[in-house]
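S.K.: The structure's right below; bear with me while I get my questions together.
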Amino acid sequence: MDDIQKQTSENTELIPQKKYWRSLEEYRNEPEWADLADKEFTQSPWFEEDIENFEKESGEGGWARREFLKLMGASLALSSFACVRRPVQKIVPYVHAPSDIIPGVANYYASSWVHRGEVYGLVVKTREGRPIKLDGMSLHPSNQGALSPLAQAQVLGLYDPERLNGPRKFDPKNEHPFRRTQEPEWQDLDKDVVADLKKGGVYLLTSSFASPSTQSVIQNFSRVFGAQHVSWDPIGYDDVAQGQEVSYGQNIVPRYRFEKAKMIVTVEADPLSTYQLPTEYARGFSETRRVNKTMAMLVSFESLLTLTGMNSDFRVRIKPSQQITVLMGLAYELVVKGKKGAYAQDSQALKTLKPYANAAEELGIEKALLAQIAEDLWNHRGESLVVAGGLATRTEAGLSVQIAANFLNSVLGNDGTTVDYRNYIPGFGETTSSLKSLISKMKSGQVKTLIVQGVNPAYVSEEFKAVASNVGTLIYMGDRLDETGHLAKYIAPDHHHLENWGDAESAPGVLSLQQPTIRPLYNTRAFQDSLLTWAATKDSSLKISWHDYLKNQWKKHASGNFEDWWVEMLQKGTLRTSFVPSGGSRSFRTSALSQVKSVSSDGQQLVLYTKAGIGDGRYANISWLQELPDPVSKVTWDNYAMVSPSYAEKMHLKEGDLVSLKVGDKNIQVPTLVQPGVHDDVVGVALGYGREVGDIAKDVGVNAFQLVSGDVYSGQVVEVKKLGKNSPLANTQIHYNMMGRQIAVQASLEEYMKNPEHIFHHHEVFSVWPKHQYPGHKWAMSIDLNTCTGCAACVVACQSENNIPVVGKKYVLQGREMHWIRIDRYYLGSPSDPETVIQPVLCQHCDNAPCETVCPVAATTHGPEGLNEMTYNRCVGTRYCSNNCPYKVRRFNWFNYSKIQEPLNMAFNPDVTVRSRGVMEKCTFCVQRINFEKNAARLEDRQLKDGDIRTACEQSCPTTAIVFGDMNDPESRVSKRFANDRTYKVLEEFNTQPSVRYMAKIRNWKSESENHHQEEVGHS
Amino acid sequence: MIKRNVLIAGNKTYHDITNDICQPIETLPGKGWFAYLAIAKTILLTWIICLVMIVGVGLGLLGLSHPVGWGTDITTFVFWIGIGHAGTLISAILFLFRQKWRTGINRAAEAMTIFAVMTAGLYPLLHVGRPWFAFWLLPYPNQRGPLWVNFNSPLVWDVFAVSTYATVSLVFWYVGMVPDLASVRDRAKNKIRKIVYGALSLGWTGTNRNWQHYEAAYLVLAGLSTPLVLSVHSIVSFDFAVALLPGWHTTIFPPYFVAGAIFSGFGMVVTLMVLVREGFPQMKDYITVDHLEVMNKIIMTTGMMVGYAYASEFFIAWYSGNDYERYIFLNRALGPYAWAYWIMVSCNVIIPQLFWFRKIRRSILVMFIISIFVNIGMWFERFVIIVTSLHRDFLPSSWGMYDFTVYDFFFVFGSFGFFLTLFLLFLRTIPMVAMAEVKPCLSVGREGGHHG
């Protein structure tokens, strides 16, 4: 080695080398050049030879390679110290597990809920001991598995943060402000209450009951203390009961059997949405509307646009003073002109009907039309139905309307078949007069102790509020402090209905049980227990818990061993699964017709009504209900004055303009809503708003109960004055014109029967790409627009099931409501008198989903079973998917809407992710339910069958408009529906291949000429 | 032979050029510059506050909603990216076409591009719902699968296009200025200045080899940047063209957007150059009225291309017979956002027609005003495209409006603060005219000069 080195070094010395120069400086070997040449490629802080140079020049410590590496290594290690893992949270299983609870497995309890006498059979889904979702009980003959929007929202009411958490004593005259509200123990409260009760003059004001056992408790209590029981509801059916009493001698509210009717005429009544038993009636209605030759026809006469009117085949606008004219006019056609029916010879009838010969003219319709309706009614006698009722008919002539309707039904022989008095509705008792007499007694000082339960008279009646101070002791027994509670001296809070025992009678003999589904959250006591406890101080036989009392009451229905039977009954929930057979007609007392009078008809007439989502306002503090777009107006969070487009034009009113409505000496100020379909001389206002208590309900809308006088709700003359200010309404659908696009299809029955394949345009689509293959299940949904009434139960059900947040009025104004399913509503024809088509729209789970291609992070993908999947964790929120969705079903979380607010978070469904800010969400076809059922089937080693998986919307729908299932199974309901010639896809021409297909709405028109509304509505 | 106008006025020598151009860097700024900087920084501050609020509280602070999911955020993003295209065109394409007049403006124009792309690049990151995860748009290898991005999505293409554009432009700009930075270094009296500019000039010694490498690199980078001028904004236009919305889904978008980008970019260059000339009067010799006139001609040309695109969109919408398409265009011209549409048409089509007149082309005041209108018009063009197509699409039940909030306003205007701050800082730290490129053009238009 050394040799070679020596040799080469020697060699270089010996061989002379030619030297080339590149510049004159080099040639001359200038010192500057030499310096430069030296440094050209070697000057570097990393070159160790240069360290000294570098140090000399820079004057500070240089970096060596090793030093550099040391520094890098150290900083890397240090930075990783800052990366701390998220703290580990442990889930610890129960040490002493409560029986029946397996974390992660739901328990279902059969129960009931009564809303103003309307009974719903419930199945309550509970997780870890708390209810999270309400569903209908399929065995219950009334709702048969469906629920209304109000019913679905009850679970949120259970977790209302403003519920009372224990007894209270108010002493407003106490000198120490902080001693004015005391929180006594139950025993102390009981002592004070009993002392007052023993003084006498006791009145018990409750809602009308559908619970026989509770009635029994009240009877006993009343007996013990000599108390008077006053049963009252702010909005009851007194008029119907009174009408029945006068007409047939029976003070009941009969049940309507829509499923047996082939020709239905409604006068102001809205049985599909707000009148009496909407869930039951909607189902019955859907059954009689099968698309075939015997499809039922619905004709509605109404002053405001209601859901029933939207679903009718013919609709005539009337004002309240014309209600009698309609009924009497039809009766005239039948009895006087046609000489038909059992009363054709009756002198009283003929006398009463004589003035109504020109009814058609007075109503502004063609004579032939009225005659046709009468003829259709007669042709279906025994199978027809005339329903008149609702707040719009509770005018000065309210009783007349009922008598007239009863007469018409009797003439048509409907009594006993479609007007089912044998299955009358026990929960609807006579009520309004009772509050009046109570108020007068309060005024005169007869009422020493007043117990109020389940009603809110201080909100509804100014008069009550005024005389409440005359009462010595006001005891309030609700579950949250409302307007009446604020006036009370003692508060003995009741359980929420989901925490309480009870029973409910839907029809005679149809009894269902109500059982607690959660241990009472707070220190509350069932009001039945309170009454029993107080009564037991005087009658020791009543020293029994409400639970045991209830059981005793049910002993008479039992067979065999009671305890076994009782457990079986708790599981089944209902005593009967069908109504008693109807039948036998009653004879109509024609003398009643002498009471029929008409009313004057000048000026703008007021019509008060209730919204499907709000009712009488007792549930106004449930945010889901406030944010539910009203099925007719699509407005949330407000009430308003509904006026017709012509009237609005006349008065230069546009949406949101504040107006003052003056009836007598009462005055309210509300924003305007321009609503097509309202009669030009009518102004409609919804009740149930303007609450004074409740974080959600407070100051939302205006209290229109002030405009009620006695039991007159509608028909009064109202003075409308424009105030010049504007208060925007949170309207979720501003545009109601389909612009000639094929979105919600409707056709006439005649057209459909003749040419079933030509009722809509079938588009040609082609694709160069092969389709997705679905070897297993392919989930799909069919929505039948013909049976969908637009009730919006599916919207609230979806909200409950999928933890959908509520955003509030401010953001609904911007269009940010979060509902995964929405009910679109389009008008056709003239703005004054339009036809309406309704269409629920949800994620269509397109095979060629436009949203999937454009998501940059692949947060939305296509599943192997046809679902368009949404991966919340991956979504960064670019919102391209929402922009590209032609159906606009995707909803973005603009803020952190799902902030945890105890105890409302207990209502969350643990199987569904709660989405954070910045994440997109949309309908998932209830994928949690799909997976659950698939797992269950696998565990039980069986096949999934059609109907096992029910999405939340499908489950709550009373009319089976929504059907979900496996398209790959030719026997499934969904496949059969898809094969139907009414089925079409929305926006088919864009080849999105949606898995949700719609079935065209069929209107029962005999020919196209009956379609009066050819032109398009001008859009807003 | 046609006598050309001088590219550099005022009978300069090479030394004069260096002095003139290095003077702003070597002297302390006067009150004027500080005043402008104060304004720019204030606007920048409002932008930062606005962005922090949006990231901290939520996107809901903007007026976006269903159905308008994109509004001023994406409008401004496309606006800034578009502006950047002019700089690259001047630097790269005009270089390949051997247009010597570009040398007076290419440094400042490319700076404008860099800063525009920086401003634009923040929008896609900050307009998403969860900006702390915005890095998921980048395809990086990971252990979750690996989970890649969705390459079908135009937003991913945007990521590639904009990052490529930013990188290449930055490298091109930087490489181009190395000799100039070396000049500044050599003139530096201050030790810190010498070190900083020394580091930045990468050891430039001005040897023949250095220049050879420089020219070669410049050519290669110009070649790389040229297709970017056409491709980047085409990719950005795919954000819309690939979607199926009427008004978005049209094949004219790539050339239409590129023309529009050049249009707005040149408008911004004219605006900036006029201001630079007023702020640094010696620059009037390097950025002459001739330079501005040529730019105005380009503005007018591309303006007419954009106008043609408007007309053809309308025609095709009618000709197609597609109801949805027809409605969108009628709605643009006559619906609730017609005001935006007509601002767009008057600013983009009508006003630039004034440039037919030579006097106007050469009038500093008028061209300044027109260039501002051009940019206003181009912002509104993107606004009209995005918002009118979104707010009324297929199902009338979901039609809505875009209600601006004060955050929308600051979201847009604040970006100008960012841009202007950077530009003002650039003017004082980096030679605003490319000395090394302008010096070879000294002889153009002079007696005895044979380089035409």
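Here's how to read the names in the structure tokens: chain A, B, ... by the order shown, residue numbers from 1 in each chain, ligand numbers from 1 in the order shown.
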Give me the chain A side of the contact with chain B, cut-off 7 Å, one line per residue showing its nearest atom pair and distance in Å at one decimal, counting only C-alpha atoms, sorted by chain and residue number, as JSON lines.

M.R.:
```
{"residue": "A:Gln733", "atom": "CA", "partner": "B:Ser397", "partner_atom": "CA", "distance": 5.6}
{"residue": "A:His735", "atom": "CA", "partner": "B:Ser397", "partner_atom": "CA", "distance": 5.6}
{"residue": "A:Tyr736", "atom": "CA", "partner": "B:Ser397", "partner_atom": "CA", "distance": 6.3}
{"residue": "A:Asn737", "atom": "CA", "partner": "B:Pro396", "partner_atom": "CA", "distance": 6.7}
{"residue": "A:Met738", "atom": "CA", "partner": "B:Pro396", "partner_atom": "CA", "distance": 6.2}
{"residue": "A:Gln814", "atom": "CA", "partner": "B:Ser65", "partner_atom": "CA", "distance": 6.4}
{"residue": "A:Gly815", "atom": "CA", "partner": "B:His66", "partner_atom": "CA", "distance": 5.7}
{"residue": "A:Arg816", "atom": "CA", "partner": "B:Ser65", "partner_atom": "CA", "distance": 5.7}
{"residue": "A:Asp824", "atom": "CA", "partner": "B:Ser397", "partner_atom": "CA", "distance": 6.1}
{"residue": "A:Thr853", "atom": "CA", "partner": "B:Asn152", "partner_atom": "CA", "distance": 5.8}
{"residue": "A:Val854", "atom": "CA", "partner": "B:Ser153", "partner_atom": "CA", "distance": 4.3}
{"residue": "A:Cys855", "atom": "CA", "partner": "B:Ser153", "partner_atom": "CA", "distance": 5.9}
{"residue": "A:Pro856", "atom": "CA", "partner": "B:Asn150", "partner_atom": "CA", "distance": 5.1}
{"residue": "A:Val857", "atom": "CA", "partner": "B:Val149", "partner_atom": "CA", "distance": 4.8}
{"residue": "A:Ala858", "atom": "CA", "partner": "B:Asn150", "partner_atom": "CA", "distance": 5.1}
{"residue": "A:Val876", "atom": "CA", "partner": "B:Arg130", "partner_atom": "CA", "distance": 4.9}
{"residue": "A:Gly877", "atom": "CA", "partner": "B:Gly129", "partner_atom": "CA", "distance": 4.1}
{"residue": "A:Thr878", "atom": "CA", "partner": "B:Val128", "partner_atom": "CA", "distance": 4.7}
{"residue": "A:Arg879", "atom": "CA", "partner": "B:Gly69", "partner_atom": "CA", "distance": 6.0}
{"residue": "A:Ser882", "atom": "CA", "partner": "B:Gly69", "partner_atom": "CA", "distance": 6.9}
{"residue": "A:Asn883", "atom": "CA", "partner": "B:Gly69", "partner_atom": "CA", "distance": 6.1}
{"residue": "A:Asn884", "atom": "CA", "partner": "B:Ala243", "partner_atom": "CA", "distance": 5.7}
{"residue": "A:Pro886", "atom": "CA", "partner": "B:Phe394", "partner_atom": "CA", "distance": 5.9}
{"residue": "A:Tyr887", "atom": "CA", "partner": "B:Leu395", "partner_atom": "CA", "distance": 6.4}
{"residue": "A:Lys888", "atom": "CA", "partner": "B:Ser398", "partner_atom": "CA", "distance": 6.6}
{"residue": "A:Trp894", "atom": "CA", "partner": "B:Gly60", "partner_atom": "CA", "distance": 4.4}
{"residue": "A:Phe895", "atom": "CA", "partner": "B:Gly58", "partner_atom": "CA", "distance": 5.0}
{"residue": "A:Arg917", "atom": "CA", "partner": "B:Gly129", "partner_atom": "CA", "distance": 6.8}
{"residue": "A:Gly918", "atom": "CA", "partner": "B:Gly129", "partner_atom": "CA", "distance": 3.5}
{"residue": "A:Val919", "atom": "CA", "partner": "B:Gly129", "partner_atom": "CA", "distance": 6.3}
```

S.K.: Which polymer residues have any atom within 8 Å of an atom of Ser321 of chain A, counting only C-alpha atoms, with same-chain residues fewer than 3 positions away left out, as a count of residues only?

M.R.: 7

S.K.: Fewer than 5 positions away in the same chain doesn't count, so skip those; otherwise give me all residues within 10 Å of Ala371 of chain A, counting only C-alpha atoms, as a list in words.

M.R.: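 Selected residues are Gly329, Leu330, Tyr332, Glu333, Leu334, Lys337, Gly338, Ala360, Glu366, Asp376 and Leu377 of chain A.
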
S.K.: The selected residues should be written to file as a PDB file, in the first residue's frame (atoms: N, CA and C atoms).

M.R.:
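Just written: out14.pdb:
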```
ATOM      1  N   GLY A 329    -127.185  23.724   2.331  1.00  0.00           N
ATOM      2  CA  GLY A 329    -127.331  23.658   0.882  1.00  0.00           C
ATOM      3  C   GLY A 329    -127.308  22.223   0.384  1.00  0.00           C
ATOM      4  N   LEU A 330    -126.364  21.459   0.908  1.00  0.00           N
ATOM      5  CA  LEU A 330    -126.290  20.055   0.507  1.00  0.00           C
ATOM      6  C   LEU A 330    -127.548  19.316   0.957  1.00  0.00           C
ATOM      7  N   TYR A 332    -130.415  20.588   1.400  1.00  0.00           N
ATOM      8  CA  TYR A 332    -131.532  21.027   0.539  1.00  0.00           C
ATOM      9  C   TYR A 332    -131.569  20.204  -0.738  1.00  0.00           C
ATOM     10  N   GLU A 333    -130.371  20.051  -1.362  1.00  0.00           N
ATOM     11  CA  GLU A 333    -130.291  19.273  -2.605  1.00  0.00           C
ATOM     12  C   GLU A 333    -130.857  17.878  -2.404  1.00  0.00           C
ATOM     13  N   LEU A 334    -130.508  17.291  -1.268  1.00  0.00           N
ATOM     14  CA  LEU A 334    -130.905  15.907  -1.045  1.00  0.00           C
ATOM     15  C   LEU A 334    -132.361  15.795  -0.640  1.00  0.00           C
ATOM     16  N   LYS A 337    -134.937  19.016  -2.830  1.00  0.00           N
ATOM     17  CA  LYS A 337    -134.954  18.827  -4.284  1.00  0.00           C
ATOM     18  C   LYS A 337    -135.046  17.357  -4.662  1.00  0.00           C
ATOM     19  N   GLY A 338    -134.170  16.561  -4.043  1.00  0.00           N
ATOM     20  CA  GLY A 338    -134.106  15.148  -4.415  1.00  0.00           C
ATOM     21  C   GLY A 338    -135.126  14.273  -3.700  1.00  0.00           C
ATOM     22  N   ALA A 360    -125.728  27.499  -3.534  1.00  0.00           N
ATOM     23  CA  ALA A 360    -124.579  27.514  -4.447  1.00  0.00           C
ATOM     24  C   ALA A 360    -124.188  28.940  -4.809  1.00  0.00           C
ATOM     25  N   GLU A 366    -120.724  26.919  -8.779  1.00  0.00           N
ATOM     26  CA  GLU A 366    -121.768  26.569  -9.756  1.00  0.00           C
ATOM     27  C   GLU A 366    -122.802  25.658  -9.115  1.00  0.00           C
ATOM     28  N   ASP A 376    -123.106  12.651  -5.307  1.00  0.00           N
ATOM     29  CA  ASP A 376    -122.056  11.706  -4.945  1.00  0.00           C
ATOM     30  C   ASP A 376    -122.244  11.215  -3.510  1.00  0.00           C
ATOM     31  N   LEU A 377    -122.637  12.149  -2.653  1.00  0.00           N
ATOM     32  CA  LEU A 377    -122.873  11.745  -1.269  1.00  0.00           C
ATOM     33  C   LEU A 377    -123.997  10.713  -1.207  1.00  0.00           C
TER      34      LEU A 377
END
```

S.K.: I'd like the contact shell of segment 108-125 of chain A - 8 Å cut-off, only C-alpha atoms, skipping same-chain residues fewer than 2 positions apart - returned as number ranges by chain.

M.R.: A: 106, 127, 131-140, 142-145, 147, 151, 207-210, 233, 236, 276-277, 425-428, 497, 503-506, 512-517, 570-574

S.K.: Which neighbours of segment 157-168 of chain A fall inside 10 Å, counting only C-alpha atoms, when residues of the same chain fewer than 4 positions from it are skipped, and could you give them as a PyMOL selection string?

M.R.: chain A and resi 130-132+153+181-186+188-190+476-482+488-499+518+520-525+619-624+693-695+901-907

S.K.: As a PyMOL selection string, please: every residue in segment 312-506 of chain A that a backbone DSSP assignment puts in helix (DSSP H, G or I).

M.R.: chain A and resi 320-337+347-356+359-363+367-379+391-393+398-411+432-443+457-460+462-470+485-487+497-499

S.K.: Give me the residues near Leu661 of chain A as a ChimeraX atom specification, where near means some atom within 12 Å (using only C-alpha atoms) and where sequence neighbours in that chain fewer than 2 positions away do not count.

M.R.: /A:604-607,640-643,658-659,663-672,682-685,702-704,706-707,716-723

S.K.: Could you pull out all residues of segment 762-966 of chain A with a DSSP call of strand (DSSP E) and give them as a ChimeraX atom specification?

M.R.: /A:779-784,822-828,835-841,860-862,868-870,891-892,920-921,962-966
